[in-house]
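Visitor: This is the content of data.cif (mmCIF, C-alpha atoms):
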data_input
loop_
_atom_site.label_atom_id
_atom_site.label_comp_id
_atom_site.auth_asym_id
_atom_site.auth_seq_id
_atom_site.Cartn_x
_atom_site.Cartn_y
_atom_site.Cartn_z
CA MET L 1 -5.35 7.19 -76.41
CA ARG L 2 -7.09 8.55 -73.34
CA GLY L 3 -10.78 7.70 -73.09
CA THR L 4 -10.39 4.54 -75.20
CA VAL L 5 -10.45 0.79 -74.80
CA VAL L 6 -7.44 -1.14 -76.04
CA THR L 7 -7.43 -4.87 -76.69
CA LEU L 8 -4.14 -6.23 -75.40
CA ALA L 9 -2.70 -9.59 -76.42
CA MET L 10 -1.00 -10.85 -73.26
CA PRO L 11 2.10 -13.10 -73.17
CA ASP L 12 -0.04 -16.01 -71.92
CA GLY L 13 -2.24 -15.86 -75.02
CA ARG L 14 -5.24 -14.07 -73.52
CA VAL L 15 -6.75 -11.09 -75.33
CA VAL L 16 -7.86 -8.58 -72.72
CA PRO L 17 -9.79 -5.32 -73.19
CA LEU L 18 -8.70 -2.54 -70.83
CA GLY L 19 -9.89 1.02 -70.67
CA ILE L 20 -7.68 4.09 -70.55
CA GLY L 21 -9.44 6.72 -68.49
CA ARG L 22 -9.32 10.40 -69.27
CA ASP L 23 -6.86 10.81 -66.40
CA GLY L 24 -4.45 8.41 -68.12
CA ASN L 25 -5.03 5.54 -65.69
CA TRP L 26 -6.36 2.06 -66.32
CA VAL L 27 -10.13 1.69 -65.87
CA PRO L 28 -12.60 -1.14 -66.56
CA ALA L 29 -13.25 -1.52 -70.28
CA ASP L 30 -16.91 -0.50 -70.00
CA ALA L 31 -15.87 2.88 -68.56
CA ALA L 32 -14.06 4.04 -71.69
CA TRP L 33 -14.58 4.22 -75.46
CA PRO L 34 -14.08 3.54 -78.38
CA MET L 35 -12.22 0.28 -79.12
CA THR L 36 -8.64 0.37 -80.43
CA GLU L 37 -6.95 -2.70 -81.89
CA LEU L 38 -3.19 -2.94 -81.43
CA GLY L 39 -2.43 -5.43 -84.19
CA ASP L 40 -0.52 -8.68 -83.85
CA GLY L 41 1.94 -7.60 -81.17
CA VAL L 42 1.92 -8.61 -77.51
CA ALA L 43 1.52 -6.10 -74.71
CA LEU L 44 3.87 -5.84 -71.75
CA PRO L 45 3.67 -3.27 -68.94
CA GLY L 46 7.02 -1.85 -70.06
CA LEU L 47 10.72 -2.39 -69.52
CA VAL L 48 12.33 -1.71 -66.14
CA ASP L 49 15.73 -0.16 -65.41
CA ALA L 50 16.44 -1.32 -61.87
CA HIS L 51 19.66 0.65 -61.42
CA ALA L 52 19.79 4.05 -63.08
CA HIS L 53 20.87 7.57 -62.16
CA LEU L 54 18.62 9.97 -64.06
CA SER L 55 20.61 13.01 -62.96
CA SER L 56 23.81 11.86 -64.68
CA ALA L 57 25.18 10.15 -67.76
CA ASP L 58 28.51 9.37 -66.07
CA THR L 59 30.43 10.30 -62.94
CA GLN L 60 31.86 13.42 -64.61
CA ASP L 61 28.33 14.84 -64.84
CA MET L 62 28.33 15.26 -61.07
CA ASN L 63 31.24 17.69 -61.05
CA GLY L 64 30.10 21.28 -60.45
CA ALA L 65 26.73 20.90 -62.18
CA THR L 66 24.21 23.66 -61.46
CA ASP L 67 20.67 22.79 -60.40
CA HIS L 68 19.40 24.06 -63.76
CA LEU L 69 21.78 21.82 -65.67
CA VAL L 70 20.91 18.81 -63.52
CA ALA L 71 17.19 19.42 -64.10
CA GLU L 72 17.81 19.53 -67.86
CA ARG L 73 19.75 16.27 -67.71
CA ILE L 74 17.00 14.55 -65.74
CA ALA L 75 14.44 15.58 -68.36
CA THR L 76 16.67 14.46 -71.23
CA HIS L 77 17.46 11.11 -69.64
CA ALA L 78 13.83 10.52 -68.72
CA THR L 79 12.83 11.08 -72.35
CA ALA L 80 15.50 8.63 -73.55
CA GLN L 81 14.22 5.99 -71.14
CA LEU L 82 10.61 6.47 -72.27
CA GLU L 83 11.44 6.34 -75.96
CA ALA L 84 13.17 2.99 -75.41
CA GLY L 85 10.07 1.58 -73.70
CA VAL L 86 11.45 1.84 -70.16
CA LEU L 87 8.37 2.76 -68.15
CA LEU L 88 9.68 2.10 -64.64
CA VAL L 89 13.04 3.23 -63.24
CA ALA L 90 14.60 2.56 -59.85
CA ASP L 91 16.99 5.48 -59.44
CA LYS L 92 19.64 4.22 -57.05
CA GLY L 93 21.00 7.44 -55.66
CA THR L 94 22.19 10.92 -56.44
CA HIS L 95 24.80 13.45 -55.36
CA LEU L 96 22.14 16.16 -54.83
CA VAL L 97 19.08 15.67 -52.65
CA ASP L 98 17.13 18.14 -54.82
CA THR L 99 17.16 15.74 -57.77
CA VAL L 100 14.33 13.77 -56.14
CA ALA L 101 12.04 16.80 -56.31
CA MET L 102 13.33 17.67 -59.79
CA THR L 103 12.39 14.23 -61.08
CA HIS L 104 8.94 14.22 -59.51
CA SER L 105 8.26 17.71 -60.90
CA LEU L 106 8.31 16.39 -64.46
CA THR L 107 4.88 15.73 -65.97
CA PRO L 108 4.26 11.99 -65.41
CA SER L 109 3.70 11.33 -69.11
CA HIS L 110 7.14 12.87 -69.80
CA ARG L 111 9.05 10.48 -67.55
CA PRO L 112 8.90 6.85 -66.50
CA GLU L 113 7.29 5.82 -63.24
CA VAL L 114 10.12 6.27 -60.73
CA GLN L 115 11.28 4.96 -57.39
CA LEU L 116 14.09 7.15 -56.14
CA ALA L 117 16.87 7.09 -53.59
CA GLY L 118 18.10 10.35 -52.16
CA ARG L 119 21.72 11.19 -51.57
CA PHE L 120 24.37 8.46 -51.23
CA LEU L 121 25.49 7.43 -47.76
CA ALA L 122 29.20 6.65 -47.24
CA ASN L 123 31.92 7.14 -44.66
CA GLN L 124 34.80 9.60 -44.93
CA GLY L 125 36.73 8.90 -48.11
CA GLY L 126 34.31 6.10 -48.96
CA TYR L 127 33.07 7.51 -52.26
CA TYR L 128 33.83 10.23 -54.81
CA HIS L 129 34.69 13.38 -52.85
CA GLY L 130 31.66 15.54 -52.15
CA TYR L 131 29.11 13.19 -53.71
CA ALA L 132 27.83 11.48 -50.54
CA ILE L 133 26.77 12.28 -47.02
CA GLU L 134 29.84 11.03 -45.15
CA VAL L 135 29.26 9.65 -41.66
CA PRO L 136 30.81 6.92 -39.50
CA GLY L 137 28.84 3.72 -39.05
CA ASP L 138 27.41 4.69 -35.68
CA GLU L 139 25.83 7.80 -37.25
CA LEU L 140 24.22 6.16 -40.28
CA VAL L 141 20.75 6.08 -38.75
CA SER L 142 20.92 9.73 -37.72
CA ALA L 143 21.77 10.63 -41.34
CA LEU L 144 18.69 8.87 -42.70
CA ASP L 145 16.47 11.96 -42.82
CA ALA L 146 19.07 14.01 -44.68
CA ALA L 147 19.57 11.20 -47.21
CA THR L 148 15.87 10.63 -47.93
CA PRO L 149 13.95 13.81 -48.78
CA ASP L 150 10.22 13.74 -49.49
CA GLY L 151 9.57 11.46 -52.45
CA ALA L 152 12.51 9.13 -51.84
CA VAL L 153 11.64 5.50 -51.16
CA TRP L 154 15.16 4.01 -51.28
CA VAL L 155 18.24 4.46 -49.13
CA LYS L 156 21.48 4.02 -51.08
CA ILE L 157 24.54 2.88 -49.13
CA ILE L 158 28.04 2.86 -50.58
CA GLY L 159 29.10 -0.39 -48.93
CA ASP L 160 32.75 -0.43 -49.96
CA TRP L 161 35.28 1.65 -51.85
CA PRO L 162 38.91 1.30 -53.00
CA ARG L 163 41.52 2.77 -50.65
CA ARG L 164 45.03 3.50 -51.76
CA GLY L 165 47.34 0.59 -51.07
CA VAL L 166 44.65 -1.80 -49.78
CA GLY L 167 42.07 -2.03 -52.55
CA ALA L 168 38.30 -2.18 -52.09
CA VAL L 169 37.34 -2.45 -48.42
CA PRO L 170 34.02 -2.22 -46.55
CA ASN L 171 32.92 1.23 -45.42
CA PHE L 172 30.70 -0.09 -42.61
CA ASP L 173 30.47 -3.17 -40.45
CA GLU L 174 27.56 -5.57 -40.39
CA ASN L 175 25.99 -4.11 -37.26
CA ALA L 176 25.91 -0.62 -38.76
CA LEU L 177 24.23 -1.96 -41.90
CA ARG L 178 21.71 -3.87 -39.80
CA ARG L 179 20.79 -0.82 -37.71
CA LEU L 180 20.35 1.27 -40.85
CA SER L 181 18.23 -1.37 -42.61
CA GLU L 182 15.99 -1.79 -39.58
CA ALA L 183 15.52 1.96 -39.18
CA ALA L 184 14.78 2.37 -42.89
CA HIS L 185 12.21 -0.43 -42.85
CA VAL L 186 10.43 1.12 -39.85
CA ARG L 187 10.03 4.26 -41.98
CA GLY L 188 8.72 2.33 -44.97
CA LEU L 189 11.94 2.74 -46.92
CA ARG L 190 13.99 0.08 -48.70
CA THR L 191 17.77 -0.23 -48.78
CA ALA L 192 20.20 -0.79 -51.64
CA ILE L 193 23.95 -1.22 -51.35
CA HIS L 194 26.83 -0.69 -53.75
CA THR L 195 29.26 -3.54 -53.21
CA VAL L 196 32.29 -4.69 -55.17
CA ALA L 197 34.61 -5.88 -52.38
CA PRO L 198 34.58 -9.57 -51.41
CA GLU L 199 33.56 -9.08 -47.76
CA THR L 200 30.61 -6.71 -48.19
CA PRO L 201 27.76 -8.61 -49.90
CA GLY L 202 27.55 -11.33 -47.26
CA MET L 203 27.39 -8.69 -44.50
CA ALA L 204 24.70 -6.79 -46.40
CA VAL L 205 22.57 -9.90 -46.92
CA ARG L 206 22.81 -10.88 -43.26
CA ALA L 207 22.02 -7.28 -42.25
CA GLY L 208 18.73 -7.30 -44.18
CA VAL L 209 19.61 -4.99 -47.08
CA ASP L 210 16.89 -5.28 -49.73
CA SER L 211 18.81 -4.94 -52.98
CA ILE L 212 22.42 -5.83 -53.72
CA GLU L 213 23.91 -3.60 -56.43
CA HIS L 214 26.78 -5.21 -58.38
CA GLY L 215 27.37 -7.84 -55.68
CA LEU L 216 30.24 -9.47 -57.53
CA PHE L 217 31.21 -11.63 -54.57
CA LEU L 218 27.87 -12.99 -53.42
CA THR L 219 27.88 -16.69 -52.59
CA GLU L 220 25.30 -19.42 -53.04
CA ASP L 221 24.56 -19.19 -49.30
CA ASP L 222 24.01 -15.44 -49.69
CA LEU L 223 21.60 -16.07 -52.56
CA ALA L 224 19.66 -18.58 -50.49
CA GLN L 225 19.27 -16.08 -47.63
CA LEU L 226 18.47 -13.20 -49.97
CA GLY L 227 15.91 -15.22 -51.93
CA ALA L 228 14.23 -16.54 -48.79
CA ARG L 229 13.21 -12.99 -47.89
CA GLY L 230 12.41 -11.83 -51.42
CA GLY L 231 15.57 -9.77 -51.92
CA GLY L 232 16.92 -8.42 -55.18
CA TRP L 233 20.23 -8.43 -57.06
CA VAL L 234 21.20 -6.02 -59.84
CA PRO L 235 24.59 -7.29 -61.09
CA THR L 236 25.02 -4.47 -63.67
CA VAL L 237 27.37 -6.77 -65.57
CA ALA L 238 27.75 -4.37 -68.49
CA ALA L 239 28.84 -1.58 -66.14
CA MET L 240 31.27 -3.84 -64.31
CA GLU L 241 32.80 -5.04 -67.58
CA LYS L 242 33.28 -1.45 -68.72
CA LEU L 243 34.93 -0.49 -65.44
CA ALA L 244 37.24 -3.51 -65.63
CA GLN L 245 38.29 -2.44 -69.14
CA GLN L 246 38.97 1.12 -67.95
CA LEU L 247 41.14 -0.10 -65.09
CA GLY L 248 42.99 -2.59 -67.25
CA PRO L 249 43.56 -6.31 -66.70
CA GLU L 250 46.93 -5.83 -65.01
CA SER L 251 45.71 -3.40 -62.35
CA SER L 252 44.65 -4.66 -58.92
CA GLY L 253 41.17 -3.25 -59.48
CA GLY L 254 40.91 -4.87 -62.88
CA ARG L 255 41.94 -8.24 -61.46
CA LEU L 256 39.40 -7.92 -58.64
CA LEU L 257 36.59 -7.13 -61.05
CA ALA L 258 37.56 -9.97 -63.37
CA GLU L 259 37.47 -12.39 -60.44
CA GLY L 260 34.13 -11.01 -59.35
CA LEU L 261 32.64 -11.26 -62.83
CA ASP L 262 33.74 -14.89 -63.04
CA ASN L 263 31.90 -15.44 -59.77
CA VAL L 264 28.76 -13.76 -61.17
CA ARG L 265 28.93 -16.09 -64.17
CA SER L 266 28.93 -19.09 -61.84
CA LEU L 267 26.10 -17.74 -59.64
CA LEU L 268 23.56 -16.36 -62.10
CA PRO L 269 22.11 -19.74 -63.18
CA HIS L 270 21.28 -20.46 -59.51
CA ALA L 271 19.86 -17.08 -58.52
CA ALA L 272 16.33 -17.40 -59.86
CA GLY L 273 15.96 -20.86 -58.35
CA ALA L 274 16.94 -19.40 -54.99
CA GLY L 275 14.08 -16.92 -55.23
CA VAL L 276 16.26 -13.86 -55.84
CA ALA L 277 14.84 -11.14 -58.09
CA VAL L 278 17.63 -10.72 -60.67
CA MET L 279 17.28 -7.37 -62.45
CA ALA L 280 19.00 -5.40 -65.20
CA GLY L 281 20.30 -1.83 -64.91
CA THR L 282 22.20 0.77 -66.89
CA ASP L 283 24.08 2.35 -63.95
CA LEU L 284 26.46 5.03 -65.29
CA ALA L 285 27.94 2.81 -68.00
CA LEU L 286 25.16 2.46 -70.57
CA GLU L 287 23.08 5.16 -72.19
CA HIS L 288 19.74 5.88 -70.61
CA GLY L 289 17.22 3.60 -72.29
CA ALA L 290 19.77 0.88 -73.07
CA VAL L 291 18.79 -1.48 -70.26
CA VAL L 292 18.22 -4.30 -72.77
CA ASP L 293 21.99 -4.18 -73.44
CA ASP L 294 22.59 -5.10 -69.80
CA ALA L 295 19.93 -7.80 -70.07
CA LEU L 296 21.83 -9.28 -73.00
CA THR L 297 24.96 -9.51 -70.83
CA LEU L 298 22.94 -11.52 -68.30
CA LEU L 299 22.16 -13.89 -71.14
CA GLU L 300 25.86 -14.16 -71.96
CA TYR L 301 26.61 -14.88 -68.30
CA GLY L 302 24.38 -17.92 -68.14
CA LEU L 303 20.89 -16.75 -67.23
CA ASP L 304 18.40 -18.47 -69.55
CA GLU L 305 16.42 -16.31 -71.94
CA ALA L 306 13.09 -16.60 -70.12
CA ALA L 307 14.77 -15.46 -66.89
CA VAL L 308 16.50 -12.60 -68.70
CA VAL L 309 13.21 -11.39 -70.20
CA GLU L 310 11.79 -11.51 -66.68
CA ALA L 311 14.82 -9.59 -65.35
CA VAL L 312 13.95 -6.57 -67.47
CA THR L 313 10.13 -6.79 -67.37
CA THR L 314 7.95 -8.61 -64.86
CA GLY L 315 10.59 -9.60 -62.27
CA PRO L 316 11.60 -6.11 -61.17
CA ARG L 317 7.97 -5.01 -61.31
CA ARG L 318 7.09 -7.62 -58.71
CA PHE L 319 10.10 -6.66 -56.63
CA LEU L 320 9.25 -2.95 -56.83
CA ASN L 321 5.53 -3.59 -56.21
CA GLU L 322 4.55 -2.04 -59.55
CA PRO L 323 2.92 -4.95 -61.42
CA GLY L 324 1.31 -2.96 -64.25
CA PHE L 325 -2.12 -3.38 -65.87
CA THR L 326 -3.73 -2.38 -62.56
CA PHE L 327 -6.95 -0.37 -62.32
CA GLY L 328 -6.27 3.10 -60.96
CA ARG L 329 -2.60 3.00 -61.92
CA PRO L 330 -1.08 4.70 -65.00
CA ALA L 331 -2.02 3.17 -68.33
CA ASP L 332 1.51 2.15 -69.31
CA PHE L 333 2.42 -0.52 -71.84
CA ILE L 334 4.63 -1.43 -74.74
CA VAL L 335 3.83 -3.69 -77.67
CA VAL L 336 6.49 -6.07 -78.99
CA ASP L 337 6.34 -8.73 -81.68
CA GLN L 338 8.30 -11.40 -79.74
CA PRO L 339 7.78 -11.10 -75.98
CA ASP L 340 9.99 -14.12 -75.29
CA SER L 341 13.00 -12.64 -77.11
CA VAL L 342 15.42 -10.38 -75.23
CA ALA L 343 16.64 -8.76 -78.44
CA ALA L 344 13.08 -7.95 -79.55
CA LEU L 345 12.52 -5.95 -76.37
CA ALA L 346 14.99 -3.36 -77.65
CA ALA L 347 12.60 -2.32 -80.44
CA PRO L 348 9.01 -1.98 -79.16
CA GLN L 349 6.41 -1.25 -81.83
CA LEU L 350 4.39 0.96 -79.51
CA VAL L 351 5.17 2.77 -76.25
CA VAL L 352 2.35 4.29 -74.19
CA ARG L 353 2.83 6.16 -70.90
CA CYS L 354 -0.14 7.44 -68.88
CA GLY L 355 -2.34 6.77 -71.90
CA VAL L 356 -0.16 8.98 -74.12
CA VAL L 357 1.57 7.49 -77.17
CA VAL L 358 5.31 8.08 -76.85
CA VAL L 359 6.50 5.92 -79.78
CA ASP L 360 4.49 4.37 -82.61
CA ALA L 361 6.65 2.35 -85.01
CA ARG L 362 3.87 0.11 -86.33
CA GLY L 363 4.10 1.62 -89.81
#
Would you mind writing the file's structure down as structure tokens?
Guide:
Amino acid sequence: MRGTVVTLAMPDGRVVPLGIGRDGNWVPADAAWPMTELGDGVALPGLVDAHAHLSSADTQDMNGATDHLVAERIATHATAQLEAGVLLVADKGTHLVDTVAMTHSLTPSHRPEVQLAGRFLANQGGYYHGYAIEVPGDELVSALDAATPDGAVWVKIIGDWPRRGVGAVPNFDENALRRLSEAAHVRGLRTAIHTVAPETPGMAVRAGVDSIEHGLFLTEDDLAQLGARGGGWVPTVAAMEKLAQQLGPESSGGRLLAEGLDNVRSLLPHAAGAGVAVMAGTDLALEHGAVVDDALTLLEYGLDEAAVVEAVTTGPRRFLNEPGFTFGRPADFIVVDQPDSVAALAAPQLVVRCGVVVVDARG
């Protein structure tokens, strides 16, 4: 579709002509030719997976994988995301720093737009063995360079982890998280934190962490503080439900997750009103490209349908500063027949990335 003008029916009813330049970016309509009609569907800038790990399908993928195998997995997972209409991915951390370069090395039209974290940051014993840079809290800032190679824009902190006999406990105190967040922000980086334990999300919010991942034990006060500064929350409900099932309802971990999920159910209806960017993500529980499945769990947990559609489309784009339909940026869009239906988002009629047609199911 490069070098053409497409007429896009927008969700607000406008019909807008936009040009796709020969470089695959959006240009003014009078700078491209000829005209292409897209039928009766409505254009969106694409789905967003706000918590993915392109280098892995599950935690077992991280065990002993060679660089070559990891590179193959990234390419395969990127293709799966694209074919589902996911055109922007926030990759929230990896076990190998080199995966950032591997992802960026893919031809842009063969992968979604990406925002990547580098290697996980944890303390000793605070994550799967060998998967994270392990440092005490007073050395978090000094580990920042090692955790964020060129191309990384996120810092991923493992905020808590289960310890034998005591359950999930924080890995770092609030002051350590604050120092890390401040140092990251000075460098133009953003911070995201894995948190399942009850004590951690409040500390992370007060410390200035940008995005709360899972965050099962956030409170309404936390949401108010997080929303006031434009923070984000990716509950990954589908992933948390799957983990709870694996642990079993009678285990201490299973009981903790069940309690946390009940809390998420009570909080979700208030999150958007507090100004929090609620987002959907596959994590390591859903297949790459299945972010709409997580969005559907948000619907089941009490978020209204308009907010759920936003959670997988425009909301995370605002949060990630990638609004779409912007001159000079990649010509990315999907076409769906019902833009206000979460279920309809799972089957886009057309997927275009960098002006290249990835999927055309218009018949």
Visitor: So that I can check the surroundings of L:Tyr301, please list as a PyMOL selection string every protein, DNA and RNA residue that reaches within 10 Å of it, counting all atoms listed in the file and ignoring chain neighbours fewer than 3 positions away.
Guide: chain L and resi 237+261-262+264-269+295-298+304
Visitor: So how many Å separate atom CA of L:Gly202 and atom CA of L:Leu218, to one decimal?
Guide: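 If I compute the distance from atom CA of L:Gly202 to atom CA of L:Leu218, I get 6.4 Å.
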Visitor: Measuring between only C-alpha atoms, which one of L:Val48, L:Ala65, L:Leu284, L:Ala78 shows the shortest distance to L:Thr107?
Guide: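 Of L:Val48, L:Ala65, L:Leu284, L:Ala78, the one nearest L:Thr107, counting only C-alpha atoms, is L:Ala78.
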Visitor: Would you mind reading off the distance between atom CA of L:Glu322 and atom CA of L:Met10, one decimal, in Å?
Guide: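 Separating atom CA of L:Glu322 from atom CA of L:Met10 is a distance of 17.2 Å.
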Visitor: Quick check, in Å to one decimal: how far apart do atom CA of L:Val234 and atom CA of L:Ala311 lie?
Guide: 9.2 Å
Visitor: Once the PyMOL selection byres ((chain L and resi 30-46) around 7) has been applied to the shown file, what residues remain in the selection, as an MDAnalysis selection string?
Guide: chainID L and resid 3:11 19:21 27:29 47:48 85:87 313 324:325 332:337 339
Visitor: Write stretch 248-275 of chain L as a CSV table (one decimal), in the frame of the given file, completed to N, CA and C atoms.
Guide:
chain,number,residue,atom,x,y,z
L,248,GLY,N,42.0,-1.8,-66.6
L,248,GLY,CA,43.0,-2.6,-67.2
L,248,GLY,C,43.2,-3.9,-66.5
L,249,PRO,N,43.5,-5.0,-67.3
L,249,PRO,CA,43.6,-6.3,-66.7
L,249,PRO,C,44.7,-6.5,-65.8
L,250,GLU,N,45.8,-5.7,-65.9
L,250,GLU,CA,46.9,-5.8,-65.0
L,250,GLU,C,46.8,-5.1,-63.7
L,251,SER,N,45.8,-4.2,-63.6
L,251,SER,CA,45.7,-3.4,-62.4
L,251,SER,C,45.1,-4.3,-61.3
L,252,SER,N,45.3,-3.9,-60.0
L,252,SER,CA,44.6,-4.7,-58.9
L,252,SER,C,43.1,-4.6,-59.0
L,253,GLY,N,42.6,-3.4,-59.3
L,253,GLY,CA,41.2,-3.2,-59.5
L,253,GLY,C,40.6,-4.1,-60.6
L,254,GLY,N,41.3,-4.1,-61.7
L,254,GLY,CA,40.9,-4.9,-62.9
L,254,GLY,C,40.9,-6.4,-62.6
L,255,ARG,N,41.9,-6.8,-61.8
L,255,ARG,CA,41.9,-8.2,-61.5
L,255,ARG,C,40.8,-8.6,-60.5
L,256,LEU,N,40.5,-7.7,-59.6
L,256,LEU,CA,39.4,-7.9,-58.6
L,256,LEU,C,38.1,-8.0,-59.4
L,257,LEU,N,37.8,-7.1,-60.3
L,257,LEU,CA,36.6,-7.1,-61.0
L,257,LEU,C,36.5,-8.4,-61.9
L,258,ALA,N,37.6,-8.8,-62.5
L,258,ALA,CA,37.6,-10.0,-63.4
L,258,ALA,C,37.2,-11.2,-62.5
L,259,GLU,N,37.8,-11.3,-61.3
L,259,GLU,CA,37.5,-12.4,-60.4
L,259,GLU,C,36.0,-12.4,-60.0
L,260,GLY,N,35.5,-11.1,-59.7
L,260,GLY,CA,34.1,-11.0,-59.4
L,260,GLY,C,33.2,-11.4,-60.5
L,261,LEU,N,33.5,-10.9,-61.7
L,261,LEU,CA,32.6,-11.3,-62.8
L,261,LEU,C,32.6,-12.8,-63.1
L,262,ASP,N,33.7,-13.4,-62.9
L,262,ASP,CA,33.7,-14.9,-63.0
L,262,ASP,C,32.8,-15.5,-62.0
L,263,ASN,N,32.8,-14.9,-60.8
L,263,ASN,CA,31.9,-15.4,-59.8
L,263,ASN,C,30.4,-15.2,-60.1
L,264,VAL,N,30.1,-14.0,-60.7
L,264,VAL,CA,28.8,-13.8,-61.2
L,264,VAL,C,28.3,-14.8,-62.2
L,265,ARG,N,29.2,-15.1,-63.1
L,265,ARG,CA,28.9,-16.1,-64.2
L,265,ARG,C,28.6,-17.4,-63.6
L,266,SER,N,29.2,-17.8,-62.5
L,266,SER,CA,28.9,-19.1,-61.8
L,266,SER,C,27.6,-19.0,-61.0
L,267,LEU,N,27.3,-17.9,-60.5
L,267,LEU,CA,26.1,-17.7,-59.6
L,267,LEU,C,24.8,-17.5,-60.4
L,268,LEU,N,24.8,-16.8,-61.5
L,268,LEU,CA,23.6,-16.4,-62.1
L,268,LEU,C,22.6,-17.5,-62.4
L,269,PRO,N,23.1,-18.7,-62.9
L,269,PRO,CA,22.1,-19.7,-63.2
L,269,PRO,C,21.4,-20.2,-61.9
L,270,HIS,N,21.9,-20.0,-60.7
L,270,HIS,CA,21.3,-20.5,-59.5
L,270,HIS,C,20.4,-19.4,-58.8
L,271,ALA,N,20.5,-18.2,-59.3
L,271,ALA,CA,19.9,-17.1,-58.5
L,271,ALA,C,18.3,-17.2,-58.6
L,272,ALA,N,17.8,-17.4,-59.8
L,272,ALA,CA,16.3,-17.4,-59.9
L,272,ALA,C,15.8,-18.6,-59.1
L,273,GLY,N,16.4,-19.7,-59.1
L,273,GLY,CA,16.0,-20.9,-58.4
L,273,GLY,C,16.0,-20.6,-56.9
L,274,ALA,N,16.9,-19.7,-56.4
L,274,ALA,CA,16.9,-19.4,-55.0
L,274,ALA,C,15.9,-18.4,-54.6
L,275,GLY,N,15.1,-17.9,-55.5
L,275,GLY,CA,14.1,-16.9,-55.2
L,275,GLY,C,14.5,-15.5,-55.3
